[in-house]
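Enquirer: You'll find data_16.cif just under this line, and it carries mmCIF, C-alpha atoms.
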data_target
loop_
_atom_site.group_PDB
_atom_site.id
_atom_site.type_symbol
_atom_site.label_atom_id
_atom_site.label_comp_id
_atom_site.auth_asym_id
_atom_site.auth_seq_id
_atom_site.Cartn_x
_atom_site.Cartn_y
_atom_site.Cartn_z
ATOM 1 C CA MET A 1 0.000 0.000 0.000
ATOM 2 C CA LEU A 2 1.291 3.517 -0.847
ATOM 3 C CA HIS A 3 1.646 6.010 1.998
ATOM 4 C CA THR A 4 1.747 9.836 1.813
ATOM 5 C CA ARG A 5 3.606 12.012 4.333
ATOM 6 C CA LEU A 6 1.291 14.079 6.467
ATOM 7 C CA PHE A 7 2.167 17.739 6.942
ATOM 8 C CA PRO A 8 3.171 18.691 10.518
ATOM 9 C CA ALA A 9 0.923 21.116 12.333
ATOM 10 C CA VAL A 10 1.830 24.691 11.459
ATOM 11 C CA SER A 11 1.692 27.537 13.973
ATOM 12 C CA PRO A 12 0.033 30.756 12.770
ATOM 13 C CA ARG A 13 3.346 32.541 13.541
ATOM 14 C CA VAL A 14 5.324 30.557 10.957
ATOM 15 C CA SER A 15 6.170 32.674 7.917
ATOM 16 C CA LEU A 16 5.345 31.717 4.344
ATOM 17 C CA ALA A 17 9.057 31.009 3.763
ATOM 18 C CA GLY A 18 9.053 28.641 6.713
ATOM 19 C CA LEU A 19 5.952 26.907 5.371
ATOM 20 C CA LEU A 20 7.668 26.432 2.009
ATOM 21 C CA LEU A 21 10.613 24.802 3.778
ATOM 22 C CA LEU A 22 8.286 22.516 5.659
ATOM 23 C CA THR A 23 6.612 21.434 2.442
ATOM 24 C CA GLY A 24 9.912 20.842 0.628
ATOM 25 C CA CYS A 25 9.794 24.000 -1.557
ATOM 26 C CA SER A 26 12.596 26.598 -1.827
ATOM 27 C CA SER A 27 13.419 29.983 -3.412
ATOM 28 C CA ASP A 28 15.887 30.638 -6.226
ATOM 29 C CA PRO A 29 18.794 33.103 -5.630
ATOM 30 C CA ALA A 30 16.810 35.904 -7.225
ATOM 31 C CA GLY A 31 14.077 35.432 -4.698
ATOM 32 C CA THR A 32 11.553 34.014 -7.160
ATOM 33 C CA PRO A 33 9.682 31.184 -5.531
ATOM 34 C CA ALA A 34 10.174 27.842 -7.241
ATOM 35 C CA PRO A 35 7.001 26.094 -8.391
ATOM 36 C CA ALA A 36 5.701 23.681 -5.834
ATOM 37 C CA ALA A 37 6.238 20.035 -6.654
ATOM 38 C CA ARG A 38 3.126 18.242 -7.799
ATOM 39 C CA VAL A 39 1.973 15.418 -5.571
ATOM 40 C CA ALA A 40 0.201 12.678 -7.501
ATOM 41 C CA ALA A 41 -3.208 11.852 -6.175
ATOM 42 C CA VAL A 42 -3.206 8.430 -4.544
ATOM 43 C CA PRO A 43 -6.405 6.492 -5.273
ATOM 44 C CA PRO A 44 -8.018 4.877 -2.260
ATOM 45 C CA ALA A 45 -6.963 1.291 -1.739
ATOM 46 C CA ALA A 46 -9.433 -1.136 -3.238
ATOM 47 C CA ALA A 47 -11.245 -3.313 -0.761
ATOM 48 C CA THR A 48 -9.893 -6.843 -0.695
ATOM 49 C CA PRO A 49 -12.549 -9.064 -2.265
ATOM 50 C CA ALA A 50 -13.961 -11.626 0.113
ATOM 51 C CA SER A 51 -12.941 -15.179 -0.677
ATOM 52 C CA PRO A 52 -15.782 -17.493 -1.667
ATOM 53 C CA ILE A 53 -16.662 -20.087 0.925
ATOM 54 C CA THR A 54 -15.589 -23.623 0.068
ATOM 55 C CA LEU A 55 -17.196 -26.998 0.668
ATOM 56 C CA ALA A 56 -14.330 -27.883 3.012
ATOM 57 C CA GLN A 57 -15.138 -24.826 5.140
ATOM 58 C CA VAL A 58 -18.815 -25.788 5.263
ATOM 59 C CA GLU A 59 -17.845 -29.299 6.380
ATOM 60 C CA HIS A 60 -16.032 -27.774 9.377
ATOM 61 C CA ALA A 61 -18.354 -24.850 10.096
ATOM 62 C CA THR A 62 -19.862 -23.888 13.429
ATOM 63 C CA ILE A 63 -23.627 -24.349 13.270
ATOM 64 C CA GLY A 64 -26.273 -22.806 15.516
ATOM 65 C CA GLY A 65 -30.008 -23.235 15.681
ATOM 66 C CA VAL A 66 -30.097 -27.037 15.492
ATOM 67 C CA PHE A 67 -29.519 -27.970 19.141
ATOM 68 C CA GLU A 68 -29.625 -25.764 22.236
ATOM 69 C CA ALA A 69 -25.954 -24.840 21.829
ATOM 70 C CA PRO A 70 -23.902 -24.297 18.654
ATOM 71 C CA PHE A 71 -21.600 -27.112 17.544
ATOM 72 C CA THR A 72 -18.732 -27.484 15.092
ATOM 73 C CA LEU A 73 -18.783 -30.039 12.308
ATOM 74 C CA ALA A 74 -15.827 -32.333 11.672
ATOM 75 C CA GLN A 75 -15.797 -33.516 8.071
ATOM 76 C CA GLY A 76 -19.513 -32.869 7.867
ATOM 77 C CA THR A 77 -20.591 -34.690 11.025
ATOM 78 C CA TYR A 78 -21.163 -33.901 14.690
ATOM 79 C CA GLU A 79 -21.627 -36.266 17.607
ATOM 80 C CA GLY A 80 -22.233 -34.726 21.004
ATOM 81 C CA PRO A 81 -21.861 -36.130 24.497
ATOM 82 C CA PRO A 82 -24.548 -38.545 25.791
ATOM 83 C CA PHE A 83 -27.680 -36.913 27.182
ATOM 84 C CA ASP A 84 -27.371 -39.237 30.159
ATOM 85 C CA PRO A 85 -23.849 -40.241 31.284
ATOM 86 C CA ALA A 86 -25.177 -43.741 31.842
ATOM 87 C CA GLY A 87 -26.857 -43.951 28.435
ATOM 88 C CA SER A 88 -25.779 -44.136 24.821
ATOM 89 C CA SER A 89 -28.263 -41.690 23.261
ATOM 90 C CA ARG A 90 -26.557 -38.510 22.089
ATOM 91 C CA PRO A 91 -27.199 -35.588 19.714
ATOM 92 C CA MET A 92 -25.973 -36.223 16.188
ATOM 93 C CA ALA A 93 -25.999 -34.137 13.004
ATOM 94 C CA ILE A 94 -24.890 -34.876 9.458
ATOM 95 C CA LEU A 95 -24.327 -32.392 6.641
ATOM 96 C CA MET A 96 -26.186 -33.343 3.453
ATOM 97 C CA THR A 97 -23.070 -32.796 1.356
ATOM 98 C CA PRO A 98 -24.588 -33.605 -2.070
ATOM 99 C CA LEU A 99 -27.033 -30.715 -1.639
ATOM 100 C CA VAL A 100 -24.654 -27.912 -0.578
ATOM 101 C CA ARG A 101 -25.157 -24.994 -2.969
ATOM 102 C CA PHE A 102 -23.397 -21.631 -3.264
ATOM 103 C CA GLY A 103 -24.529 -18.076 -4.001
ATOM 104 C CA ASP A 104 -24.716 -14.530 -2.632
ATOM 105 C CA LEU A 105 -27.358 -14.940 0.048
ATOM 106 C CA ASP A 106 -26.652 -12.066 2.452
ATOM 107 C CA ASP A 107 -25.647 -8.395 2.453
ATOM 108 C CA GLN A 108 -21.962 -9.119 3.040
ATOM 109 C CA PRO A 109 -19.226 -9.427 0.385
ATOM 110 C CA GLY A 110 -18.401 -12.904 -0.878
ATOM 111 C CA THR A 111 -20.410 -16.013 -1.582
ATOM 112 C CA ASP A 112 -22.332 -18.036 0.963
ATOM 113 C CA ALA A 113 -23.456 -21.652 1.198
ATOM 114 C CA ALA A 114 -26.929 -23.080 1.614
ATOM 115 C CA ALA A 115 -26.607 -26.308 3.591
ATOM 116 C CA LEU A 116 -29.001 -28.888 4.992
ATOM 117 C CA LEU A 117 -28.382 -30.847 8.172
ATOM 118 C CA ALA A 118 -30.123 -34.009 9.293
ATOM 119 C CA SER A 119 -30.130 -34.237 13.082
ATOM 120 C CA ASN A 120 -31.350 -36.549 15.795
ATOM 121 C CA SER A 121 -31.819 -35.640 19.426
ATOM 122 C CA GLY A 122 -32.408 -39.135 20.702
ATOM 123 C CA GLY A 123 -35.864 -39.815 19.254
ATOM 124 C CA SER A 124 -36.881 -41.964 16.321
ATOM 125 C CA GLY A 125 -37.268 -39.126 13.819
ATOM 126 C CA GLU A 126 -34.765 -37.300 11.649
ATOM 127 C CA HIS A 127 -35.039 -33.528 11.729
ATOM 128 C CA ILE A 128 -34.003 -31.388 8.751
ATOM 129 C CA THR A 129 -32.597 -27.872 9.206
ATOM 130 C CA LEU A 130 -31.590 -25.382 6.519
ATOM 131 C CA SER A 131 -28.610 -23.168 7.302
ATOM 132 C CA VAL A 132 -26.907 -20.328 5.453
ATOM 133 C CA VAL A 133 -23.165 -20.575 6.156
ATOM 134 C CA SER A 134 -20.793 -17.644 5.645
ATOM 135 C CA VAL A 135 -17.229 -16.724 6.528
ATOM 136 C CA ARG A 136 -17.269 -14.029 9.204
ATOM 137 C CA ASP A 137 -14.046 -12.809 10.823
ATOM 138 C CA GLY A 138 -12.202 -15.652 9.159
ATOM 139 C CA THR A 139 -14.485 -18.378 10.533
ATOM 140 C CA ALA A 140 -17.156 -20.346 8.687
ATOM 141 C CA ARG A 141 -20.366 -20.296 10.677
ATOM 142 C CA SER A 142 -24.124 -20.309 10.218
ATOM 143 C CA VAL A 143 -25.660 -16.846 9.982
ATOM 144 C CA GLY A 144 -29.258 -18.014 9.754
ATOM 145 C CA THR A 145 -31.139 -21.271 10.242
ATOM 146 C CA ALA A 146 -34.688 -22.405 9.522
ATOM 147 C CA ASP A 147 -36.676 -25.499 10.354
ATOM 148 C CA VAL A 148 -37.579 -27.677 7.359
ATOM 149 C CA GLY A 149 -39.353 -30.432 9.242
ATOM 150 C CA ASN A 150 -39.261 -33.830 10.851
ATOM 151 C CA ARG A 151 -38.799 -36.763 8.431
ATOM 152 C CA THR A 152 -38.997 -34.414 5.457
ATOM 153 C CA LYS A 153 -37.274 -35.862 2.382
ATOM 154 C CA VAL A 154 -35.388 -33.340 0.246
ATOM 155 C CA ARG A 155 -35.374 -34.023 -3.488
ATOM 156 C CA ASP A 156 -33.424 -30.944 -4.546
ATOM 157 C CA LEU A 157 -31.954 -27.669 -3.317
ATOM 158 C CA ARG A 158 -31.151 -24.729 -5.561
ATOM 159 C CA VAL A 159 -30.199 -21.073 -5.185
ATOM 160 C CA ALA A 160 -32.334 -18.610 -7.152
ATOM 161 C CA GLY A 161 -30.950 -15.111 -6.682
ATOM 162 C CA ARG A 162 -31.148 -14.435 -2.953
ATOM 163 C CA ASP A 163 -33.589 -17.303 -2.346
ATOM 164 C CA VAL A 164 -32.976 -20.920 -1.367
ATOM 165 C CA VAL A 165 -35.558 -23.227 -2.947
ATOM 166 C CA LEU A 166 -36.243 -26.777 -1.752
ATOM 167 C CA ASP A 167 -38.225 -29.502 -3.489
ATOM 168 C CA VAL A 168 -39.417 -31.866 -0.748
ATOM 169 C CA VAL A 169 -41.570 -34.860 0.066
ATOM 170 C CA GLN A 170 -43.303 -34.054 3.343
ATOM 171 C CA ILE A 171 -46.047 -35.308 5.626
ATOM 172 C CA GLY A 172 -49.409 -34.193 4.313
ATOM 173 C CA PRO A 173 -52.729 -33.835 6.174
ATOM 174 C CA GLY A 174 -53.810 -37.110 7.724
ATOM 175 C CA GLU A 175 -50.613 -38.969 6.773
ATOM 176 C CA ALA A 176 -48.611 -41.088 9.180
ATOM 177 C CA ALA A 177 -45.312 -39.621 10.362
ATOM 178 C CA CYS A 178 -43.395 -42.444 8.711
ATOM 179 C CA CYS A 179 -44.819 -42.110 5.251
ATOM 180 C CA GLY A 180 -45.326 -38.592 3.918
ATOM 181 C CA THR A 181 -46.227 -38.364 0.228
ATOM 182 C CA GLN A 182 -46.985 -34.660 -0.258
ATOM 183 C CA LEU A 183 -44.765 -32.902 -2.808
ATOM 184 C CA ALA A 184 -43.985 -29.251 -2.132
ATOM 185 C CA THR A 185 -41.668 -26.466 -3.236
ATOM 186 C CA ARG A 186 -40.559 -24.261 -0.346
ATOM 187 C CA THR A 187 -38.644 -20.978 -0.576
ATOM 188 C CA PHE A 188 -36.427 -19.439 2.115
ATOM 189 C CA ARG A 189 -34.740 -16.027 2.271
ATOM 190 C CA LEU A 190 -32.152 -14.528 4.634
ATOM 191 C CA VAL A 191 -33.123 -11.096 5.954
ATOM 192 C CA GLY A 192 -30.439 -9.781 8.279
ATOM 193 C CA ASP A 193 -29.555 -12.828 10.322
ATOM 194 C CA VAL A 194 -33.027 -14.361 10.154
ATOM 195 C CA LEU A 195 -33.688 -17.145 7.650
ATOM 196 C CA THR A 196 -37.415 -17.121 6.905
ATOM 197 C CA GLU A 197 -39.677 -19.323 4.818
ATOM 198 C CA VAL A 198 -41.348 -16.903 2.402
ATOM 199 C CA ALA A 199 -43.351 -19.337 0.231
ATOM 200 C CA SER A 200 -44.631 -22.917 0.310
ATOM 201 C CA ASP A 201 -46.501 -24.452 -2.611
ATOM 202 C CA VAL A 202 -47.953 -27.970 -2.653
ATOM 203 C CA THR A 203 -47.183 -29.394 -6.114
ATOM 204 C CA GLY A 204 -48.691 -32.893 -6.046
ATOM 205 C CA ARG A 205 -48.300 -36.357 -4.594
ATOM 206 C CA LEU A 206 -45.324 -38.681 -4.656
ATOM 207 C CA SER A 207 -45.168 -40.908 -7.734
ATOM 208 C CA LEU A 208 -42.567 -42.328 -10.090
ATOM 209 C CA ALA A 209 -43.936 -40.227 -12.912
ATOM 210 C CA SER A 210 -43.723 -36.939 -10.989
ATOM 211 C CA THR A 211 -40.349 -37.425 -9.299
ATOM 212 C CA VAL A 212 -38.315 -40.028 -11.209
ATOM 213 C CA GLY A 213 -39.641 -39.815 -14.759
ATOM 214 C CA GLY A 214 -38.060 -37.324 -17.140
ATOM 215 C CA PHE A 215 -34.559 -37.699 -15.690
ATOM 216 C CA THR A 216 -31.544 -39.943 -16.046
ATOM 217 C CA TRP A 217 -30.242 -41.285 -12.733
ATOM 218 C CA ALA A 218 -26.662 -42.532 -12.269
ATOM 219 C CA LEU A 219 -25.770 -45.127 -9.632
ATOM 220 C CA ALA A 220 -24.019 -43.463 -6.692
ATOM 221 C CA ALA A 221 -23.939 -46.382 -4.236
ATOM 222 C CA LEU A 222 -24.922 -50.034 -4.032
ATOM 223 C CA ASP A 223 -25.640 -51.164 -0.476
ATOM 224 C CA GLY A 224 -24.029 -47.947 0.733
ATOM 225 C CA GLU A 225 -20.776 -48.412 -1.209
ATOM 226 C CA PRO A 226 -19.939 -46.253 -4.233
ATOM 227 C CA PRO A 227 -18.770 -48.038 -7.379
ATOM 228 C CA ALA A 228 -15.015 -48.511 -7.582
ATOM 229 C CA ALA A 229 -13.031 -45.821 -9.341
ATOM 230 C CA GLY A 230 -13.045 -46.410 -13.071
ATOM 231 C CA SER A 231 -16.191 -48.531 -12.970
ATOM 232 C CA PRO A 232 -18.701 -48.023 -15.804
ATOM 233 C CA VAL A 233 -21.609 -45.699 -15.121
ATOM 234 C CA LEU A 234 -24.868 -47.536 -14.393
ATOM 235 C CA THR A 235 -28.036 -45.621 -15.167
ATOM 236 C CA LEU A 236 -31.778 -45.774 -14.588
ATOM 237 C CA THR A 237 -34.753 -44.054 -16.192
ATOM 238 C CA PHE A 238 -38.505 -44.439 -15.782
ATOM 239 C CA ALA A 239 -41.080 -44.139 -18.557
ATOM 240 C CA ASP A 240 -44.171 -45.971 -19.789
ATOM 241 C CA GLY A 241 -44.390 -48.291 -16.801
ATOM 242 C CA ARG A 242 -40.871 -49.627 -16.908
ATOM 243 C CA LEU A 243 -37.385 -49.008 -15.556
ATOM 244 C CA SER A 244 -34.554 -49.092 -18.052
ATOM 245 C CA GLY A 245 -30.965 -48.035 -18.480
ATOM 246 C CA SER A 246 -27.395 -49.229 -18.816
ATOM 247 C CA THR A 247 -25.378 -51.579 -16.636
ATOM 248 C CA GLY A 248 -22.227 -50.124 -18.159
ATOM 249 C CA CYS A 249 -21.974 -53.185 -20.361
ATOM 250 C CA ASN A 250 -25.544 -54.009 -21.413
ATOM 251 C CA GLN A 251 -28.890 -52.285 -21.777
ATOM 252 C CA TYR A 252 -31.717 -53.508 -19.539
ATOM 253 C CA ARG A 253 -35.410 -52.933 -18.920
ATOM 254 C CA ALA A 254 -37.885 -54.202 -16.351
ATOM 255 C CA PRO A 255 -41.633 -53.644 -15.845
ATOM 256 C CA VAL A 256 -42.556 -51.801 -12.677
ATOM 257 C CA ASP A 257 -45.801 -51.182 -10.840
ATOM 258 C CA GLU A 258 -46.473 -48.645 -8.059
ATOM 259 C CA PRO A 259 -49.304 -50.019 -5.861
ATOM 260 C CA GLU A 260 -49.068 -47.026 -3.512
ATOM 261 C CA PRO A 261 -46.926 -43.887 -3.439
ATOM 262 C CA GLY A 262 -43.399 -44.898 -2.449
ATOM 263 C CA THR A 263 -43.922 -48.641 -2.986
ATOM 264 C CA LEU A 264 -42.776 -50.643 -6.011
ATOM 265 C CA LYS A 265 -43.086 -54.050 -7.563
ATOM 266 C CA VAL A 266 -40.348 -54.701 -10.128
ATOM 267 C CA GLY A 267 -40.763 -57.514 -12.636
ATOM 268 C CA PRO A 268 -37.971 -59.648 -14.141
ATOM 269 C CA ALA A 269 -35.353 -57.621 -15.994
ATOM 270 C CA ILE A 270 -34.233 -58.486 -19.503
ATOM 271 C CA SER A 271 -31.004 -57.213 -21.004
ATOM 272 C CA THR A 272 -28.805 -57.408 -24.041
ATOM 273 C CA ARG A 273 -26.275 -60.223 -24.052
ATOM 274 C CA ARG A 274 -22.955 -58.546 -24.542
ATOM 275 C CA ALA A 275 -20.230 -60.403 -22.640
ATOM 276 C CA CYS A 276 -18.903 -58.461 -19.651
ATOM 277 C CA VAL A 277 -15.642 -59.183 -17.857
ATOM 278 C CA GLY A 278 -13.906 -58.300 -14.610
ATOM 279 C CA GLU A 279 -15.399 -55.969 -12.025
ATOM 280 C CA GLY A 280 -17.913 -54.655 -14.541
ATOM 281 C CA ALA A 281 -19.505 -58.095 -14.858
ATOM 282 C CA ALA A 282 -19.714 -58.539 -11.081
ATOM 283 C CA LEU A 283 -21.215 -55.073 -10.624
ATOM 284 C CA GLU A 284 -23.814 -55.776 -13.317
ATOM 285 C CA ARG A 285 -24.916 -59.005 -11.598
ATOM 286 C CA ARG A 286 -25.200 -57.321 -8.201
ATOM 287 C CA PHE A 287 -27.080 -54.374 -9.670
ATOM 288 C CA LEU A 288 -29.672 -56.435 -11.539
ATOM 289 C CA LYS A 289 -30.213 -58.749 -8.561
ATOM 290 C CA ALA A 290 -30.753 -55.795 -6.209
ATOM 291 C CA LEU A 291 -33.070 -54.103 -8.726
ATOM 292 C CA GLY A 292 -35.250 -57.206 -8.954
ATOM 293 C CA GLY A 293 -35.838 -57.139 -5.183
ATOM 294 C CA VAL A 294 -36.820 -53.472 -4.936
ATOM 295 C CA THR A 295 -40.073 -52.836 -3.066
ATOM 296 C CA GLY A 296 -39.897 -49.121 -2.298
ATOM 297 C CA TYR A 297 -38.273 -45.776 -3.077
ATOM 298 C CA THR A 298 -37.580 -42.511 -1.313
ATOM 299 C CA PHE A 299 -35.226 -39.521 -1.463
ATOM 300 C CA LEU A 300 -32.236 -38.863 0.795
ATOM 301 C CA SER A 301 -30.012 -35.786 0.380
ATOM 302 C CA GLY A 302 -31.339 -35.274 -3.131
ATOM 303 C CA ARG A 303 -30.623 -38.859 -4.146
ATOM 304 C CA LEU A 304 -33.186 -41.383 -5.322
ATOM 305 C CA VAL A 305 -32.963 -44.494 -3.129
ATOM 306 C CA LEU A 306 -34.517 -47.820 -4.174
ATOM 307 C CA SER A 307 -34.652 -50.478 -1.454
ATOM 308 C CA GLY A 308 -35.856 -54.015 -0.778
ATOM 309 C CA LEU A 309 -35.090 -57.255 1.028
ATOM 310 C CA ASP A 310 -32.850 -59.983 -0.327
ATOM 311 C CA GLY A 311 -33.763 -62.761 2.084
ATOM 312 C CA GLU A 312 -33.136 -61.106 5.436
ATOM 313 C CA GLN A 313 -30.667 -58.555 4.074
ATOM 314 C CA MET A 314 -31.790 -55.038 3.167
ATOM 315 C CA ARG A 315 -30.439 -53.944 -0.208
ATOM 316 C CA SER A 316 -30.326 -50.387 -1.491
ATOM 317 C CA LEU A 317 -29.501 -48.597 -4.726
ATOM 318 C CA SER A 318 -28.759 -44.851 -4.539
ATOM 319 C CA PHE A 319 -28.798 -42.648 -7.638
ATOM 320 C CA ASP A 320 -27.770 -39.089 -8.455
ATOM 321 C CA ARG A 321 -29.981 -37.171 -10.853
ATOM 322 C CA ARG A 322 -28.023 -36.299 -13.946
ATOM 323 C CA ALA A 323 -29.984 -34.665 -16.758
ATOM 324 C CA SER A 324 -33.458 -34.337 -18.163
ATOM 325 C CA THR A 325 -34.334 -36.855 -20.832
ATOM 326 C CA GLU A 326 -36.996 -34.509 -22.182
ATOM 327 C CA GLN A 327 -36.364 -31.844 -24.765
ATOM 328 C CA PRO A 328 -36.672 -28.306 -23.437
#
Before anything else, please render the file you have as structure tokens.

Expert:
Amino acid sequence: MLHTRLFPAVSPRVSLAGLLLLTGCSSDPAGTPAPAARVAAVPPAAATPASPITLAQVEHATIGGVFEAPFTLAQGTYEGPPFDPAGSSRPMAILMTPLVRFGDLDDQPGTDAAALLASNSGGSGEHITLSVVSVRDGTARSVGTADVGNRTKVRDLRVAGRDVVLDVVQIGPGEAACCGTQLATRTFRLVGDVLTEVASDVTGRLSLASTVGGFTWALAALDGEPPAAGSPVLTLTFADGRLSGSTGCNQYRAPVDEPEPGTLKVGPAISTRRACVGEGAALERRFLKALGGVTGYTFLSGRLVLSGLDGEQMRSLSFDRRASTEQP
């Protein structure tokens, strides 16, 4: 940063000649004052732009408004001390990492993050909280939180200008707490340090056609484990009463029925007969076997999750939404 020398205080008794000396000016021998040196105007220093918040900072941010006291995440998770020293029940919170989105959500310089946390305070439910996380005084912390609901399933989160918009599956009127099927779009906005829900629109009822159809879904995890690095991409789509897609080696399709919202009955899958080798062949067999046993679907952290029993073992297939299969 450039600095300019400040003039010393001048007494009213100092002569003009003395003032010229103080300012670095002088007279020539003939007594003609020399022109004063020009001092270039120094533009004000530009404000240092605020650094955008990163996912790593969100994963280690201090969060308030979820439990009675703020807590700090460690790699996106928090586990507090037991409620009862003699018991095992304790507060827990998990950052829904796949749904963290970034944008300018407050009146401060720099970008912010919209983040969802799933928490449990010892009961049987899972509570969802929306938090806007910013860097203040060098520390990532929540600057506003809002309640989303108990056992609410989030299908998507997006930032639209200064708003955070959620697409959710929630408990509708008269529905059991376990099995909400109401689709809604809910909008939140940060005003000062208060995150407020400003709109909530019911958009329909849970169904394959309304939530799965029209998109391509890519396998993110099979029984909780992501495919090995370098594995082929396995996909799923829904249209015309059937599931179809790629196993990375072959194309497949299977009839599917939806007796009730959230429940499925998948018929036998048929596929092309291209020979597959190595890990790709093993992954294809596991995938098709798990798909044939699917009996239900839901959404977790924006992912589509198909689940069912294989004997006494629960199997699950998790998918990330990739792109619309419909023309704009």

Enquirer: In Å to one decimal, how far is CA of Lys289 in chain A from CA of Gln313 in chain A?

Expert: 12.6 Å

Enquirer: Which residue, A:Arg322, A:Arg155, A:His127, A:Arg90, has the smallest gap to Val233 in chain A when you use all atoms listed in the file?

Expert: A:Arg322

Enquirer: Taking the file as shown, what set of residues would the PyMOL selection byres ((chain A and resi 158-175) around 7) give back, as a VMD selection string?

Expert: chain A and resid 101 103 to 105 152 to 157 176 to 177 179 to 189

Enquirer: Go ahead and write the selection's residues with C-alpha atoms as a compact mmCIF listing (two decimals), in the coordinates of the input.

Expert:
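result-v1.txt written:
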# COMPACT_ATOMS: atom_id res chain seq x y z
CA ARG A 101 -25.16 -24.99 -2.97
CA GLY A 103 -24.53 -18.08 -4.00
CA ASP A 104 -24.72 -14.53 -2.63
CA LEU A 105 -27.36 -14.94 0.05
CA THR A 152 -39.00 -34.41 5.46
CA LYS A 153 -37.27 -35.86 2.38
CA VAL A 154 -35.39 -33.34 0.25
CA ARG A 155 -35.37 -34.02 -3.49
CA ASP A 156 -33.42 -30.94 -4.55
CA LEU A 157 -31.95 -27.67 -3.32
CA ALA A 176 -48.61 -41.09 9.18
CA ALA A 177 -45.31 -39.62 10.36
CA CYS A 179 -44.82 -42.11 5.25
CA GLY A 180 -45.33 -38.59 3.92
CA THR A 181 -46.23 -38.36 0.23
CA GLN A 182 -46.98 -34.66 -0.26
CA LEU A 183 -44.76 -32.90 -2.81
CA ALA A 184 -43.98 -29.25 -2.13
CA THR A 185 -41.67 -26.47 -3.24
CA ARG A 186 -40.56 -24.26 -0.35
CA THR A 187 -38.64 -20.98 -0.58
CA PHE A 188 -36.43 -19.44 2.12
CA ARG A 189 -34.74 -16.03 2.27

Enquirer: Go through the shown structure with the PyMOL selection byres ((chain A and resi 95) around 9) and write out the matching residues as a list of chain:residue names.

Expert: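 With the shown file as input, the PyMOL selection byres ((chain A and resi 95) around 9) matches A:Val58, A:Glu59, A:Leu73, A:Gln75, A:Gly76, A:Thr77, A:Tyr78, A:Ala93, A:Ile94, A:Met96, A:Thr97, A:Pro98, A:Leu99, A:Val100, A:Ala115, A:Leu116, A:Leu117, A:Ala118, A:Ser119.
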
Enquirer: Any chance you could resolve the PyMOL selection byres ((chain A and resi 231) around 9) against this file and give the residues as a PDB file with C-alpha atoms, keeping the file's coordinate frame?

Expert:
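Below you can see selection01.pdb, which holds the result:
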ATOM      1  CA  PRO A 227     -18.770 -48.038  -7.379  1.00  0.00           C
ATOM      2  CA  ALA A 228     -15.015 -48.511  -7.582  1.00  0.00           C
ATOM      3  CA  ALA A 229     -13.031 -45.821  -9.341  1.00  0.00           C
ATOM      4  CA  GLY A 230     -13.045 -46.410 -13.071  1.00  0.00           C
ATOM      5  CA  PRO A 232     -18.701 -48.023 -15.804  1.00  0.00           C
ATOM      6  CA  VAL A 233     -21.609 -45.699 -15.121  1.00  0.00           C
ATOM      7  CA  LEU A 234     -24.868 -47.536 -14.393  1.00  0.00           C
ATOM      8  CA  GLY A 248     -22.227 -50.124 -18.159  1.00  0.00           C
ATOM      9  CA  GLU A 279     -15.399 -55.969 -12.025  1.00  0.00           C
ATOM     10  CA  GLY A 280     -17.913 -54.655 -14.541  1.00  0.00           C
ATOM     11  CA  LEU A 283     -21.215 -55.073 -10.624  1.00  0.00           C
TER      12      LEU A 283
END

Enquirer: CA of Gly311 in chain A and CA of Ser271 in chain A, how far apart in Å?

Expert: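 Pair CA of Ser271 in chain A / CA of Gly311 in chain A returns 23.9 Å.
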
Enquirer: Which residue out of A:Ala146, A:Leu304, A:Ala113, A:Ala86 has the minimum interatomic distance to Val194 in chain A when all atoms listed in the file are used?

Expert: A:Ala146

Enquirer: As a ChimeraX atom specification, please: the residues near Pro255 in chain A (cut-off 8 Å, only C-alpha atoms, same-chain neighbours under 2 positions excluded).

Expert: /A:241-243,253,257,266-269

Enquirer: Here is a test: counting all atoms listed in the file, which residue of A:Arg303, A:Arg136, A:Arg273, A:Lys265 is nearest to Pro52 in chain A?

Expert: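 Distance minimum relative to Pro52 in chain A lands on A:Arg136.
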
Enquirer: Have a look at CA of Asp112 in chain A and CA of Val133 in chain A and let me know their distance in Å, one decimal.

Expert: 5.8 Å
